[in-house]
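Trainee: Please read through the structure below; I'll follow up with questions.
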Amino acid sequence: MSLPFRPRHGILAGAVALSVTGLLVSATSPTTAAVPGANTAELRALLRGAAQSPTTERFGTIGGGGGESAELKSQAEQYAQARTAPGQVAPGAYSAAYAQLAGLPASGSATEVTTKPYNSDDLRYRDPAASNSTGGSGLVTGRITGLAADPAHHVVYAGGADGGVFRGALSNTGDVTSWTAISDALPTLSTGDLEYDSATQTLWYATGEANTGATSYVGSGVYRLVTPWSSSFAPSSRVGGTELESTVINKVRFDGAGKVYAASSRGIWSHSATVGTGAWTFNYAPNPGYLPGGATATDPNAPYKNIVNDIAALPDGTGRHLVADIAWRGGDTYNGFYRSDDGGTTWTKVNPSGAINPKEIGNAEFAYSSDGSKLYTVLESTALYNKATGTVNSYLAGVYVSNSGSVAGPWSNIADSSKLANSGSALKQSVGGKGYGPGVQAWYNNFIQVDPANANHVWVGLEEVYETTNGGSSWTTPGPYWNFYFSCWSFDPAKNTCSKTTHSDQHAVAVGGGRVYVGNDGGVYSRPVNGALDAYGHAKDWKSLNAGLDTLQFYSVGVGTTADHGLAVSGGLQDNGQLLQLADDTNAGSPFGGDGGDTLVDPRPGKACNIVAEYVYLSMSVTNNCGRSDGTTSAIRNIDPGDPGARFIAPFTADSANPDSWLAGGEFVWTQSKGYNIQNGQDWTKQFDVGAGHSITATALQNGVGWVTWCGPCNNAGFTRGVATNVGGTWHQVSLPTNVPNRYLAGVTIDPADATGKTAYLVVNGFSRQFTEGPGTGFGHLWKTTDGGTTWSNASASVPDVPASSLVISGGTWYLGTDLGVITSSNAGASWKRVAGFPYVTVMQLKVAPGGTVYAATHGRGIWTVTP
């Protein structure tokens, strides 16, 4: 039976390739190619259409020829813009912020709320227009970007993209009996890589997720943990000094001769693998003038000029022979494979022979066979990445092997997008331009791993998990994207005979104890190294290891009480839809698929099954029964106002005094007064235009008085920001004085004690002038007006210089959500305390629930309640 559905990750109907390059830092790529623009009306319309199209069907064409890839770039762009505009962040910003925040007195308490397993296949939520339930991913959590196995001590280690490191205790059957967070004392929980060195029995944690050079400020270096099966990381675990601070690190690799290498956004670095003391040694960068302190370090493209994606050592025990992929995903003159034959002292760019075109080398990862006889790589093509819109459905150059073990080749192509698509892939429908194919996110999703016991047994991770046991002559897809495309699938669970699969979008892999572990946007999955396959070539034996592993990446939170199920907690997630956890649940479920965005939950007693969720770009939907459906009747209505200028995660809110009065923001201010009885997008009224090219970043509404903040352009190429309000009765722009920082305005809050709505607070993201280079950067993170915006004063006082996103006031206490947790003030901002027990994690949104309890949505560690 063919049913319309809402794609999980913004997968679009039709064949539309979106090549979005050079994002995050400037309006041009490092090769000065024009940026199509992740915030263009075209892209918004395409992604929004995926959620609305009544013709998109489970067995129709998925994919938008790169729609998901463009969506990922948009998400990363918005997150980075908030923290970097109007310029670049200097090294040391996060360490300084951590020191300031850690220096605040601790008070109050924090309790994690989203502790129940999150079942993406919950049969209560099978809405035909909105859910991805029964797709086969089972229990899920947030993105995992690092994995390491230690079978000798019966543990596996997982690194959440923004959630830190967890230690999993393994049973004899391969299940994880418990997960323990072991890096919460560190100044960042952003994971670049995680590796276990069996020679020294140490765990190495590289910080700074390597999705782009522009977010390098989140990294604080590499940490080394002795006896990791029983201990935890501390700031003193850092290897070396500040050499790798404010970098992203994609890989740490051991050379087998007592040395470890870091592949970073600032080149190649090395250190002794036997100790943590002593400085890192700088080995190589192709463009050293762009490094901090260099002659061109302030160039907007500097973060892209020395990106090392991977480094690998020939496993001969000498440590002399090394290979590296040094490349920017959008292409640059330095892109290529490099080699060193003197232990990393000197490096030479290689002209590979055979099937690899050196002119299209982009992001790549390497894997040697254990005897060094074969070298494999999975390679992104910069040529495909930069193709015009609508012309490609994959950015994958291919999977290659050098049967000589030499990076110079000759290289043989053992798989391309078409071959993988025809190997049991759920993306087969996209072959021939009918959607998107394997490798559409090869710039971002990639791993490659050789079985230590078999040089011809290889796993490759892209959007799906692929496997060959004969050196690439043939492939299977043990971990398909989902099960909706196969004849084994049915919306009727009694007839759904498909094997369980992994979540999509692969990032990490580890092998140990006879099992292979994969990390992706839905968490950690494992199966036997030599596992069983079904008739489709899909694995029959995946285990989801995600119960108790809380790395969920929330954008928002909403709370209320239901008539029959007690407290309801809901929130939008990166790549994992809209979570709904009810008090009487044994597990949480997902009424809405896709990337979750902002959230509204009806605060009136017993009405919390009235929920509004956002897909992307203000594509809003509403349910009145918690989204429950058996798969035959839709319980969800599309209420998208159709704004052409909305942010990727666009804001909306309900009036704090009237839950049926709403305000939403894109380029326009939208209002509607039907509350949760709204039927469609036509029920919205356009109230005000904040300006062409401007996008609303935050909203507030109280007693009919509204405030919005906006940016446009939102990146550092001409960054501007502003405020609008209807204080006085009509909507108008507010003239901000020059002392208000020219940085991203992430939040706006109306003082609940002021019935007129004239007293409001701006929450300013990014870092102050000390660490951010750009015009008008200024100082402070909280600014206050008491006269409707005519005058403003700095209300930051002792607020640490850390990016801030959300302010709420409850019971006279101020709560401020930052990139390093929640701080509170009981004296109107004169002094601040950090909330005890809250992890050093990014807080995206705070909400005051009915009764006054404050909830915090974190981007990496779930939803928490906080008390002052």
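So you can find residues: chains in the structure tokens are A, B, ... in the order shown, residues in each start at 1, and ligands are numbered from 1 in order.
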Neighbours of segment 181-195 of chain A within 6 Å (only C-alpha atoms; same-chain residues fewer than 3 positions away dropped), as a PyMOL selection string?
Mentor: chain A and resi 98+146-148+159+161-166+203-210+232-235+249-251+839
Trainee: Pick the closest to Gln78 of chain A from A:Thr709, A:Phe771, A:Arg647, A:Val822: which is it, counting only C-alpha atoms?
Mentor: A:Arg647
Trainee: So that I can see what lies close to Gly766 of chain A, please list as a short mmCIF file (atom, residue, chain, number, x, y, z; two decimals) with N, CA and C atoms, in the first residue's frame the residues with an atom at most 12 Å from it, counting only C-alpha atoms and leaving out residues fewer than 4 positions away in the same chain.
Mentor:
data_model
loop_
_atom_site.label_atom_id
_atom_site.label_comp_id
_atom_site.auth_asym_id
_atom_site.auth_seq_id
_atom_site.Cartn_x
_atom_site.Cartn_y
_atom_site.Cartn_z
N TYR A 79 23.74 27.42 12.93
CA TYR A 79 24.35 27.26 14.25
C TYR A 79 25.63 28.09 14.35
N ALA A 80 26.45 28.05 13.29
CA ALA A 80 27.72 28.78 13.33
C ALA A 80 27.52 30.28 13.22
N GLN A 81 26.57 30.71 12.38
CA GLN A 81 26.35 32.15 12.23
C GLN A 81 26.03 32.80 13.57
N ALA A 82 25.23 32.12 14.37
CA ALA A 82 24.83 32.70 15.65
C ALA A 82 26.03 32.95 16.55
N ARG A 83 27.08 32.17 16.35
CA ARG A 83 28.22 32.23 17.26
C ARG A 83 29.43 32.95 16.70
N THR A 84 29.43 33.22 15.40
CA THR A 84 30.60 33.86 14.80
C THR A 84 30.34 35.26 14.27
N ALA A 85 29.12 35.57 13.82
CA ALA A 85 28.85 36.88 13.21
C ALA A 85 29.15 37.99 14.22
N PRO A 86 29.76 39.07 13.75
CA PRO A 86 29.97 39.48 12.36
C PRO A 86 31.34 39.14 11.81
N GLY A 87 32.13 38.30 12.50
CA GLY A 87 33.48 38.04 12.02
C GLY A 87 33.93 36.64 12.33
N GLN A 88 35.15 36.48 12.81
CA GLN A 88 35.71 35.19 13.17
C GLN A 88 36.01 35.16 14.66
N VAL A 89 35.98 33.95 15.22
CA VAL A 89 36.25 33.78 16.64
C VAL A 89 37.71 33.40 16.83
N ALA A 90 38.40 34.12 17.67
CA ALA A 90 39.82 33.88 17.90
C ALA A 90 40.03 32.68 18.81
N ALA A 93 38.65 31.39 22.93
CA ALA A 93 37.38 31.96 23.38
C ALA A 93 36.65 31.02 24.32
N TYR A 94 36.57 29.74 23.95
CA TYR A 94 35.81 28.81 24.79
C TYR A 94 36.52 28.51 26.10
N ALA A 97 35.77 31.34 28.32
CA ALA A 97 34.38 31.29 28.77
C ALA A 97 34.19 30.21 29.84
N THR A 215 33.58 26.19 12.59
CA THR A 215 33.17 25.96 13.98
C THR A 215 34.35 25.50 14.83
N TYR A 217 36.21 26.93 16.81
CA TYR A 217 36.34 27.50 18.16
C TYR A 217 35.82 26.59 19.25
N VAL A 218 35.01 25.58 18.90
CA VAL A 218 34.44 24.72 19.94
C VAL A 218 35.44 23.69 20.43
N ASN A 716 28.93 36.57 8.12
CA ASN A 716 29.80 37.73 8.40
C ASN A 716 30.11 38.56 7.18
N PRO A 741 25.58 45.44 20.89
CA PRO A 741 26.53 44.70 20.05
C PRO A 741 25.94 44.33 18.68
N ASN A 742 26.77 44.44 17.67
CA ASN A 742 26.41 44.03 16.32
C ASN A 742 26.69 42.54 16.18
N ARG A 743 25.98 41.75 16.97
CA ARG A 743 26.11 40.30 16.92
C ARG A 743 24.72 39.68 16.78
N TYR A 744 24.70 38.38 16.64
CA TYR A 744 23.45 37.66 16.41
C TYR A 744 22.54 37.74 17.63
N LEU A 745 21.30 38.18 17.42
CA LEU A 745 20.32 38.27 18.51
C LEU A 745 19.54 36.97 18.55
N ALA A 746 19.89 36.12 19.51
CA ALA A 746 19.33 34.76 19.55
C ALA A 746 18.02 34.68 20.32
N GLN A 770 36.69 40.94 22.49
CA GLN A 770 37.99 40.36 22.81
C GLN A 770 38.30 39.16 21.93
N PHE A 771 37.25 38.41 21.54
CA PHE A 771 37.48 37.18 20.80
C PHE A 771 36.85 37.18 19.41
N THR A 772 36.04 38.13 19.07
CA THR A 772 35.40 38.16 17.76
C THR A 772 35.85 39.38 16.98
N GLU A 773 36.39 39.12 15.80
CA GLU A 773 36.82 40.20 14.93
C GLU A 773 35.68 40.56 14.00
N GLY A 774 35.26 41.81 14.02
CA GLY A 774 34.17 42.24 13.16
C GLY A 774 33.65 43.59 13.60
N THR A 777 31.35 44.62 17.15
CA THR A 777 31.13 43.39 17.94
C THR A 777 30.66 43.70 19.36
N GLY A 778 31.29 44.64 20.00
CA GLY A 778 30.82 45.09 21.31
C GLY A 778 31.01 44.08 22.42
N PHE A 779 30.37 44.37 23.55
CA PHE A 779 30.48 43.53 24.73
C PHE A 779 29.08 43.24 25.29
N GLY A 780 29.00 42.14 26.02
CA GLY A 780 27.77 41.82 26.74
C GLY A 780 26.87 40.85 26.01
N HIS A 781 25.99 40.19 26.80
CA HIS A 781 25.08 39.19 26.26
C HIS A 781 23.61 39.44 26.61
N LEU A 782 23.34 40.43 27.48
CA LEU A 782 21.97 40.80 27.82
C LEU A 782 21.82 42.31 27.75
N PRO A 800 29.29 35.50 32.10
CA PRO A 800 30.51 35.11 31.40
C PRO A 800 30.40 35.38 29.90
N ASP A 801 31.55 35.60 29.26
CA ASP A 801 31.55 35.87 27.82
C ASP A 801 31.44 34.55 27.08
N VAL A 802 30.22 34.02 27.00
CA VAL A 802 29.93 32.75 26.35
C VAL A 802 28.67 32.93 25.53
N PRO A 803 28.57 32.35 24.35
CA PRO A 803 27.36 32.49 23.55
C PRO A 803 26.11 32.14 24.34
N ALA A 804 25.09 33.01 24.25
CA ALA A 804 23.84 32.83 24.98
C ALA A 804 22.69 32.78 23.98
N SER A 805 21.66 31.99 24.30
CA SER A 805 20.57 31.77 23.35
C SER A 805 19.19 32.07 23.88
N THR A 818 23.14 29.13 27.93
CA THR A 818 24.37 29.44 27.22
C THR A 818 24.93 28.18 26.57
N ASP A 819 26.05 28.33 25.87
CA ASP A 819 26.71 27.19 25.26
C ASP A 819 27.43 26.32 26.29
#
Trainee: Between atom CA of Asn306 of chain A and atom CA of Leu244 of chain A, what is the distance in Å, rounded to a tenth?
Mentor: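 It comes out at 13.5 Å.
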Trainee: Determine the nearest neighbour of Arg628 of chain A from the options A:Ser590, A:Lys419, A:Ala753, A:Gly343, counting only C-alpha atoms.
Mentor: A:Ser590
Trainee: Using only C-alpha atoms, what does the table of segment 611-660 of chain A residues within 10 Å of segment 564-575 of chain A look like, with each row giving the shortest atom pair and its distance in Å to one decimal, sorted by chain and ascending number, as JSON lines?
Mentor:
{"residue": "A:Ile611", "atom": "CA", "partner": "A:Ser570", "partner_atom": "CA", "distance": 8.3}
{"residue": "A:Val612", "atom": "CA", "partner": "A:Ser570", "partner_atom": "CA", "distance": 9.7}
{"residue": "A:Ala613", "atom": "CA", "partner": "A:Gly572", "partner_atom": "CA", "distance": 7.1}
{"residue": "A:Glu614", "atom": "CA", "partner": "A:Gly572", "partner_atom": "CA", "distance": 7.4}
{"residue": "A:Tyr615", "atom": "CA", "partner": "A:Gly572", "partner_atom": "CA", "distance": 8.4}
{"residue": "A:Cys626", "atom": "CA", "partner": "A:Ala568", "partner_atom": "CA", "distance": 9.3}
{"residue": "A:Ile649", "atom": "CA", "partner": "A:Gly572", "partner_atom": "CA", "distance": 9.7}
Trainee: Pick out the closest residue to Arg167 of chain A from this set: A:Gly136, A:Gly548, A:Gly344, A:Gly722. Count only C-alpha atoms.
Mentor: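 Closest to Arg167 of chain A, using only C-alpha atoms: A:Gly548.
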Trainee: Do a neighbour search on Pro315 of chain A at 10 Å with only C-alpha atoms, toss out local chain neighbours closer than 5 positions, and write the hits as an NGL selection string.
Mentor: :A and (254-257 or 320-322 or 368-373)
Trainee: Could I get the residues of segment 438-464 of chain A with an atom no further than 9 Å from an atom of segment 511-534 of chain A, each paired with its nearest atom pair and that distance in Å to one decimal, using only C-alpha atoms, sorted by chain and residue number, as JSON lines?
Mentor:
{"residue": "A:Asn445", "atom": "CA", "partner": "A:Asn520", "partner_atom": "CA", "distance": 8.5}
{"residue": "A:Gln449", "atom": "CA", "partner": "A:Val511", "partner_atom": "CA", "distance": 8.3}
{"residue": "A:Val450", "atom": "CA", "partner": "A:Val511", "partner_atom": "CA", "distance": 9.0}
{"residue": "A:Asp451", "atom": "CA", "partner": "A:Val511", "partner_atom": "CA", "distance": 7.6}
{"residue": "A:Pro452", "atom": "CA", "partner": "A:Val511", "partner_atom": "CA", "distance": 8.2}
{"residue": "A:Gly461", "atom": "CA", "partner": "A:Val518", "partner_atom": "CA", "distance": 8.3}
{"residue": "A:Glu463", "atom": "CA", "partner": "A:Asn520", "partner_atom": "CA", "distance": 8.8}
Trainee: Save out the residues we just selected, N, CA and C atoms, as a compact mmCIF listing (two decimals), in the first residue's frame.
Mentor:
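Printed below is part-v1.txt as written:
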# COMPACT_ATOMS: atom_id res chain seq x y z
N ASN A 445 29.14 12.64 5.58
CA ASN A 445 28.98 11.28 6.09
C ASN A 445 30.00 10.38 5.41
N GLN A 449 36.42 1.08 6.87
CA GLN A 449 37.07 0.22 7.85
C GLN A 449 37.34 -1.15 7.22
N VAL A 450 38.58 -1.64 7.40
CA VAL A 450 38.94 -2.97 6.93
C VAL A 450 38.91 -3.94 8.10
N ASP A 451 38.35 -5.10 7.87
CA ASP A 451 38.35 -6.16 8.87
C ASP A 451 39.80 -6.52 9.19
N PRO A 452 40.22 -6.43 10.45
CA PRO A 452 41.62 -6.75 10.79
C PRO A 452 42.02 -8.17 10.40
N GLY A 461 30.74 3.62 5.23
CA GLY A 461 29.59 4.36 5.72
C GLY A 461 29.40 5.64 4.94
N GLU A 463 25.42 7.56 3.64
CA GLU A 463 24.11 7.68 4.26
C GLU A 463 23.68 6.33 4.84
